[in-house]
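Okay, data-v6.cif now, which holds mmCIF, C-alpha atoms:
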```
data_target
#
loop_
_atom_site.label_atom_id
_atom_site.label_comp_id
_atom_site.auth_asym_id
_atom_site.auth_seq_id
_atom_site.Cartn_x
_atom_site.Cartn_y
_atom_site.Cartn_z
CA MET A 1 0.00 0.00 0.00
CA LYS A 2 2.85 2.36 0.94
CA LYS A 3 4.52 1.91 -2.41
CA THR A 4 1.27 2.37 -4.32
CA ILE A 5 0.26 5.58 -2.52
CA PHE A 6 3.76 7.05 -2.68
CA SER A 7 4.27 6.15 -6.35
CA LYS A 8 0.94 7.70 -7.34
CA ILE A 9 1.65 10.96 -5.52
CA PHE A 10 5.30 11.19 -6.59
CA GLY A 11 4.50 10.10 -10.14
CA GLY A 12 1.92 12.87 -10.42
CA TYR A 13 4.44 15.47 -9.30
CA ILE A 14 7.02 14.15 -11.77
CA LEU A 15 4.54 14.51 -14.61
CA ILE A 16 3.65 18.08 -13.60
CA ILE A 17 7.32 19.05 -13.23
CA LEU A 18 8.28 17.62 -16.63
CA VAL A 19 5.35 19.30 -18.41
CA LEU A 20 6.06 22.67 -16.81
CA SER A 21 9.79 22.34 -17.54
CA GLY A 22 9.05 21.58 -21.19
CA LEU A 23 6.80 24.64 -21.44
CA ILE A 24 9.49 26.81 -19.82
CA LEU A 25 12.09 25.58 -22.32
CA VAL A 26 9.90 26.22 -25.36
CA PHE A 27 8.74 29.61 -24.09
CA SER A 28 12.30 30.66 -23.21
CA PHE A 29 13.71 29.64 -26.61
CA VAL A 30 10.97 31.46 -28.52
CA THR A 31 11.16 34.57 -26.32
CA VAL A 32 14.95 34.88 -26.50
CA ARG A 33 15.09 34.35 -30.27
CA ASN A 34 12.27 36.85 -30.91
CA PHE A 35 13.95 39.39 -28.63
CA TYR A 36 17.21 39.24 -30.56
CA ILE A 37 15.46 39.37 -33.92
CA ASP A 38 13.42 42.39 -32.79
CA THR A 39 16.63 44.06 -31.61
CA LEU A 40 18.35 43.42 -34.95
CA THR A 41 15.27 44.66 -36.80
CA GLY A 42 15.32 47.91 -34.83
CA ASN A 43 19.00 48.40 -35.61
CA LEU A 44 18.41 47.84 -39.33
CA ILE A 45 15.54 50.32 -39.34
CA ASN A 46 17.68 52.98 -37.66
CA ASN A 47 20.56 52.36 -40.07
CA GLY A 48 18.12 52.52 -42.96
CA ILE A 49 16.85 55.93 -41.88
CA THR A 50 20.40 57.28 -42.00
CA LEU A 51 21.26 55.58 -45.31
CA ASN A 52 18.00 56.80 -46.83
CA LEU A 53 19.32 60.36 -46.76
CA LYS A 54 22.38 59.33 -48.79
CA VAL A 55 20.49 57.14 -51.24
CA LYS A 56 17.69 59.60 -51.99
CA PRO A 57 19.62 62.24 -54.02
CA LEU A 58 21.37 59.60 -56.17
CA LEU A 59 18.07 57.85 -56.84
CA LYS A 60 16.39 61.14 -57.69
CA GLU A 61 19.14 62.06 -60.17
CA ARG A 62 19.16 58.49 -61.53
CA ARG A 63 22.87 58.12 -60.85
CA PHE A 64 22.58 54.37 -60.50
CA GLU A 65 26.26 53.59 -61.00
CA ASP A 66 27.22 55.96 -58.18
CA LEU A 67 24.40 54.50 -56.12
CA ASN A 68 25.77 50.99 -56.55
CA LEU A 69 29.27 52.12 -55.56
CA LEU A 70 27.85 53.87 -52.51
CA VAL A 71 25.94 50.85 -51.18
CA LYS A 72 28.95 48.57 -51.72
CA LYS A 73 31.09 50.94 -49.68
CA LEU A 74 28.51 51.43 -46.92
CA GLY A 75 27.70 47.73 -46.81
CA LYS A 76 31.30 46.91 -45.92
CA GLN A 77 31.42 49.66 -43.32
CA ILE A 78 28.37 48.50 -41.37
CA ASN A 79 28.72 44.80 -42.22
CA THR A 80 25.21 44.73 -43.66
CA ARG A 81 23.86 43.85 -47.08
CA ILE A 82 22.19 46.84 -48.74
CA THR A 83 19.85 46.67 -51.72
CA VAL A 84 18.02 49.46 -53.55
CA VAL A 85 15.02 48.61 -55.71
CA ASP A 86 12.89 50.87 -57.94
CA VAL A 87 9.08 50.89 -58.04
CA SER A 88 9.02 48.19 -60.71
CA GLY A 89 11.02 45.82 -58.50
CA LYS A 90 14.22 46.12 -60.52
CA VAL A 91 17.39 46.03 -58.43
CA LEU A 92 19.33 49.26 -58.96
CA ALA A 93 22.13 48.66 -56.46
CA ASP A 94 23.35 45.88 -54.19
CA SER A 95 26.32 45.73 -51.86
CA GLU A 96 27.00 42.02 -52.47
CA GLU A 97 25.99 41.21 -56.04
CA ASP A 98 25.87 42.71 -59.51
CA PRO A 99 22.39 44.30 -59.84
CA ASP A 100 22.20 43.34 -63.52
CA ASN A 101 22.38 39.65 -62.59
CA MET A 102 19.67 39.80 -59.93
CA GLU A 103 16.03 38.89 -60.50
CA ASN A 104 13.11 41.25 -60.04
CA HIS A 105 12.28 41.82 -56.35
CA LYS A 106 8.80 43.29 -56.70
CA TYR A 107 7.05 40.29 -55.17
CA ARG A 108 9.36 39.85 -52.19
CA MET A 109 7.31 40.29 -49.03
CA GLU A 110 9.38 43.08 -47.51
CA ILE A 111 9.70 44.90 -50.85
CA ARG A 112 5.91 44.90 -51.30
CA GLU A 113 5.55 46.49 -47.87
CA GLY A 114 8.18 49.10 -48.73
CA LEU A 115 6.49 49.97 -52.03
CA ALA A 116 3.25 50.43 -50.08
CA GLY A 117 4.98 53.02 -47.92
CA ARG A 118 5.49 50.83 -44.88
CA ILE A 119 8.38 49.15 -43.07
CA GLY A 120 8.68 45.59 -44.37
CA LYS A 121 10.27 42.67 -42.52
CA SER A 122 10.95 39.10 -43.62
CA ILE A 123 13.05 36.11 -42.58
CA ARG A 124 13.84 33.60 -45.28
CA TYR A 125 16.51 31.63 -47.10
CA SER A 126 18.48 33.70 -49.63
CA SER A 127 18.76 31.81 -52.92
CA THR A 128 21.47 34.26 -54.02
CA LEU A 129 23.75 33.86 -51.00
CA GLY A 130 22.55 30.43 -49.87
CA ARG A 131 21.91 31.40 -46.24
CA GLU A 132 19.02 32.37 -43.99
CA MET A 133 18.67 36.14 -43.67
CA LEU A 134 16.69 38.84 -41.93
CA TYR A 135 15.38 41.49 -44.35
CA VAL A 136 14.10 44.94 -43.41
CA ALA A 137 12.88 47.32 -46.13
CA GLN A 138 11.65 50.90 -46.04
CA PRO A 139 10.38 53.25 -48.73
CA VAL A 140 12.52 55.97 -50.30
CA ILE A 141 10.19 58.97 -50.50
CA ILE A 142 10.96 61.68 -53.06
CA GLU A 143 8.65 64.68 -53.38
CA GLY A 144 5.92 62.93 -51.46
CA GLU A 145 5.92 59.73 -53.53
CA THR A 146 7.59 56.33 -53.15
CA ALA A 147 10.46 56.30 -55.64
CA GLY A 148 11.97 53.01 -54.55
CA VAL A 149 12.81 50.78 -51.62
CA LEU A 150 15.93 50.61 -49.48
CA ARG A 151 16.48 47.13 -48.01
CA LEU A 152 18.99 46.11 -45.38
CA SER A 153 19.66 42.50 -44.45
CA LEU A 154 21.77 40.42 -42.07
CA PHE A 155 22.77 36.79 -41.91
CA LEU A 156 20.94 34.96 -39.15
CA SER A 157 23.88 32.60 -38.68
CA HIS A 158 25.30 35.04 -36.11
CA ILE A 159 22.16 35.02 -34.00
CA ASN A 160 21.77 31.26 -34.45
CA ASN A 161 25.28 30.68 -33.07
CA LEU A 162 24.54 32.93 -30.12
CA PHE A 163 21.21 31.20 -29.63
CA LYS A 164 22.94 27.80 -29.41
CA THR A 165 25.08 29.08 -26.55
CA LEU A 166 22.03 30.47 -24.78
CA LYS A 167 20.25 27.13 -25.23
CA TYR A 168 22.89 25.36 -23.17
CA LYS A 169 22.58 27.97 -20.43
CA ILE A 170 18.80 27.65 -20.38
CA PHE A 171 19.07 23.84 -20.30
CA GLU A 172 21.40 24.08 -17.30
CA ILE A 173 19.03 26.39 -15.42
CA VAL A 174 15.97 24.24 -16.18
CA LEU A 175 17.88 21.07 -15.18
CA ILE A 176 18.71 22.61 -11.82
CA ILE A 177 15.06 23.60 -11.37
CA ILE A 178 13.95 20.04 -12.22
CA ILE A 179 16.38 18.46 -9.72
CA VAL A 180 15.36 20.84 -6.91
CA SER A 181 11.67 20.35 -7.75
CA LEU A 182 12.01 16.55 -7.75
CA LEU A 183 13.72 16.60 -4.37
CA GLY A 184 10.95 18.81 -3.02
CA ALA A 185 8.30 16.56 -4.56
CA LEU A 186 10.02 13.49 -3.06
CA ILE A 187 9.99 14.96 0.45
CA PHE A 188 6.44 16.24 0.11
CA SER A 189 5.19 12.94 -1.33
CA ARG A 190 6.68 11.00 1.59
CA SER A 191 5.19 13.37 4.16
CA LEU A 192 1.81 13.20 2.42
CA SER A 193 1.76 9.43 1.93
CA LYS A 194 2.73 8.69 5.55
CA PRO A 195 -0.52 9.88 7.22
CA ILE A 196 -2.54 8.31 4.42
CA LYS A 197 -0.75 5.00 5.06
CA GLU A 198 -1.28 5.28 8.81
CA ARG A 199 -4.95 6.10 8.34
CA SER A 200 -5.30 3.17 5.94
CA GLU A 201 -3.66 0.81 8.44
CA GLU A 202 -5.95 2.05 11.22
CA HIS A 203 -8.97 1.50 9.01
CA THR A 204 -7.75 -2.00 8.15
CA SER A 205 -7.23 -2.80 11.84
CA GLU A 206 -10.74 -1.60 12.65
CA LEU A 207 -12.22 -3.79 9.94
CA GLN A 208 -10.27 -6.78 11.20
CA SER A 209 -11.46 -6.11 14.76
CA HIS A 210 -15.09 -5.89 13.68
CA SER A 211 -14.69 -9.05 11.65
CA PHE A 212 -13.20 -10.88 14.66
CA ILE A 213 -16.00 -9.74 16.95
CA SER A 214 -18.65 -10.74 14.44
CA TYR A 215 -17.05 -14.12 13.98
CA ALA A 216 -16.89 -14.65 17.74
#
```
What does the file become when written as structure tokens?
Amino acid sequence: MKKTIFSKIFGGYILIILVLSGLILVFSFVTVRNFYIDTLTGNLINNGITLNLKVKPLLKERRFEDLNLLVKKLGKQINTRITVVDVSGKVLADSEEDPDNMENHKYRMEIREGLAGRIGKSIRYSSTLGREMLYVAQPVIIEGETAGVLRLSLFLSHINNLFKTLKYKIFEIVLIIIIVSLLGALIFSRSLSKPIKERSEEHTSELQSHSFISYA
């Protein structure tokens, strides 16, 4: 009886602890990754606002060759890929590739948002560079109208490497929580099962006494 009562109580606590620990792990991973992506997105937006001022006059004067040289130079300085697209989706300048060899970008999610006058954000695999990237695009407004889109992007490999390190730290913390919780559940289960066992033994003794009297 002791083993059955104890195992049921302790087993229930183990199940609760494991489920809660799993939820904490998933929630922590998602929260940390989203936090870093949001931070990177904010940085790209701020950089884009500054670069927009330099891109705008060259785009207005249609000095596309100078524009391409500018983004290649700035891209190296801030370690960020920079792309400028016109309203038709044609790539006018890119810090990593030759614009003439790049496909039309009009239907890229972040570009569509930029052409609509909004900040666009997208995370996807780059077929050009062969790596997962974070894209942030914003409109280039000239004389009150959207004349093109300025897009900045970063490789997510950096954040993924950092995230792997954080995963190990989170695992260590959750493991410690699980061990402490199991010890607490073990002590509590023993203290809870003891009076139940004693009460069960008393009840059994009473039944045996009544049975003996009835038999006599």
Counting all atoms listed in the file, figure out which residue out of A:Val149, A:Ala185, A:Leu115, A:Leu162 gets nearest to Val55 of chain A.
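When distances to Val55 of chain A are compared using all atoms listed in the file, the smallest one comes from A:Val149.
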Residues of segment 130-195 of chain A that approach segment 23-39 of chain A to 12 Å or less, counting only C-alpha atoms: could you list each one with the shortest pair of atoms and its distance in Å to one decimal, rows by chain and increasing residue number, as a tab-separated table?
```
residue	atom	partner	partner_atom	distance
A:Met133	CA	A:Ile37	CA	10.8
A:Leu134	CA	A:Ile37	CA	8.1
A:Tyr135	CA	A:Ile37	CA	10.6
A:Val136	CA	A:Asp38	CA	10.9
A:Ser153	CA	A:Ile37	CA	11.8
A:Leu154	CA	A:Ile37	CA	10.4
A:Phe155	CA	A:Ile37	CA	11.1
A:Leu156	CA	A:Ile37	CA	8.8
A:Ser157	CA	A:Ile37	CA	11.8
A:His158	CA	A:Tyr36	CA	10.7
A:Ile159	CA	A:Tyr36	CA	7.4
A:Asn160	CA	A:Arg33	CA	8.5
A:Asn161	CA	A:Arg33	CA	11.2
A:Leu162	CA	A:Arg33	CA	9.6
A:Phe163	CA	A:Arg33	CA	6.9
A:Lys164	CA	A:Phe29	CA	9.8
A:Thr165	CA	A:Phe29	CA	11.4
A:Leu166	CA	A:Val32	CA	8.5
A:Lys167	CA	A:Phe29	CA	7.1
A:Tyr168	CA	A:Phe29	CA	10.7
A:Lys169	CA	A:Leu25	CA	10.9
A:Ile170	CA	A:Leu25	CA	7.3
A:Phe171	CA	A:Leu25	CA	7.5
A:Glu172	CA	A:Leu25	CA	10.7
A:Ile173	CA	A:Leu25	CA	9.8
A:Val174	CA	A:Leu25	CA	7.4
A:Leu175	CA	A:Leu25	CA	10.2
A:Ile177	CA	A:Ile24	CA	10.6
A:Ile178	CA	A:Ile24	CA	11.1
```
Quick one: of A:Glu132, A:Glu113, A:Glu65, A:Glu143, who's nearest to Leu92 of chain A, counting only C-alpha atoms?
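Smallest distance to Leu92 of chain A is found for A:Glu65.
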Give me the result of the PyMOL selection byres ((chain A and resi 120) around 12) on this file, residue by residue, as an MDAnalysis selection string.
chainID A and resid 41:42 44:45 48 108:119 121:123 134:139 149:153
Atoms kept (C-alpha atoms) for selection, written as a PDB file, in the frame of the given file:
```pdb
ATOM      1  CA  THR A  41      15.270  44.660 -36.800  1.00  0.00           C
ATOM      2  CA  GLY A  42      15.320  47.910 -34.830  1.00  0.00           C
ATOM      3  CA  LEU A  44      18.410  47.840 -39.330  1.00  0.00           C
ATOM      4  CA  ILE A  45      15.540  50.320 -39.340  1.00  0.00           C
ATOM      5  CA  GLY A  48      18.120  52.520 -42.960  1.00  0.00           C
ATOM      6  CA  ARG A 108       9.360  39.850 -52.190  1.00  0.00           C
ATOM      7  CA  MET A 109       7.310  40.290 -49.030  1.00  0.00           C
ATOM      8  CA  GLU A 110       9.380  43.080 -47.510  1.00  0.00           C
ATOM      9  CA  ILE A 111       9.700  44.900 -50.850  1.00  0.00           C
ATOM     10  CA  ARG A 112       5.910  44.900 -51.300  1.00  0.00           C
ATOM     11  CA  GLU A 113       5.550  46.490 -47.870  1.00  0.00           C
ATOM     12  CA  GLY A 114       8.180  49.100 -48.730  1.00  0.00           C
ATOM     13  CA  LEU A 115       6.490  49.970 -52.030  1.00  0.00           C
ATOM     14  CA  ALA A 116       3.250  50.430 -50.080  1.00  0.00           C
ATOM     15  CA  GLY A 117       4.980  53.020 -47.920  1.00  0.00           C
ATOM     16  CA  ARG A 118       5.490  50.830 -44.880  1.00  0.00           C
ATOM     17  CA  ILE A 119       8.380  49.150 -43.070  1.00  0.00           C
ATOM     18  CA  LYS A 121      10.270  42.670 -42.520  1.00  0.00           C
ATOM     19  CA  SER A 122      10.950  39.100 -43.620  1.00  0.00           C
ATOM     20  CA  ILE A 123      13.050  36.110 -42.580  1.00  0.00           C
ATOM     21  CA  LEU A 134      16.690  38.840 -41.930  1.00  0.00           C
ATOM     22  CA  TYR A 135      15.380  41.490 -44.350  1.00  0.00           C
ATOM     23  CA  VAL A 136      14.100  44.940 -43.410  1.00  0.00           C
ATOM     24  CA  ALA A 137      12.880  47.320 -46.130  1.00  0.00           C
ATOM     25  CA  GLN A 138      11.650  50.900 -46.040  1.00  0.00           C
ATOM     26  CA  PRO A 139      10.380  53.250 -48.730  1.00  0.00           C
ATOM     27  CA  VAL A 149      12.810  50.780 -51.620  1.00  0.00           C
ATOM     28  CA  LEU A 150      15.930  50.610 -49.480  1.00  0.00           C
ATOM     29  CA  ARG A 151      16.480  47.130 -48.010  1.00  0.00           C
ATOM     30  CA  LEU A 152      18.990  46.110 -45.380  1.00  0.00           C
ATOM     31  CA  SER A 153      19.660  42.500 -44.450  1.00  0.00           C
TER      32      SER A 153
END
```
For atom CA of Ile82 of chain A and atom CA of Asp94 of chain A, determine how far apart the two atoms are, in Å to one decimal place.
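About the pair atom CA of Ile82 of chain A and atom CA of Asp94 of chain A: they are 5.7 Å apart.
Shortest separation to Ile141 of chain A among A:Leu40, A:Phe10, A:Ile17, A:Pro57 occurs at residue A:Pro57, atoms counted being all atoms listed in the file.
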Please measure the separation of atom CA of Leu182 of chain A and atom CA of Tyr13 of chain A, giving the value in Å to one decimal.
7.8 Å
Atom CA of Tyr125 of chain A and atom CA of Leu67 of chain A, how far apart in Å?
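One can read the atom CA of Leu67 of chain A to atom CA of Tyr125 of chain A distance as 25.8 Å.
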Evaluating the PyMOL selection byres ((chain A and resi 60) around 10) on the displayed file yields which residues, as a VMD selection string?
chain A and resid 55 to 59 61 to 64 140 to 143 147 to 148
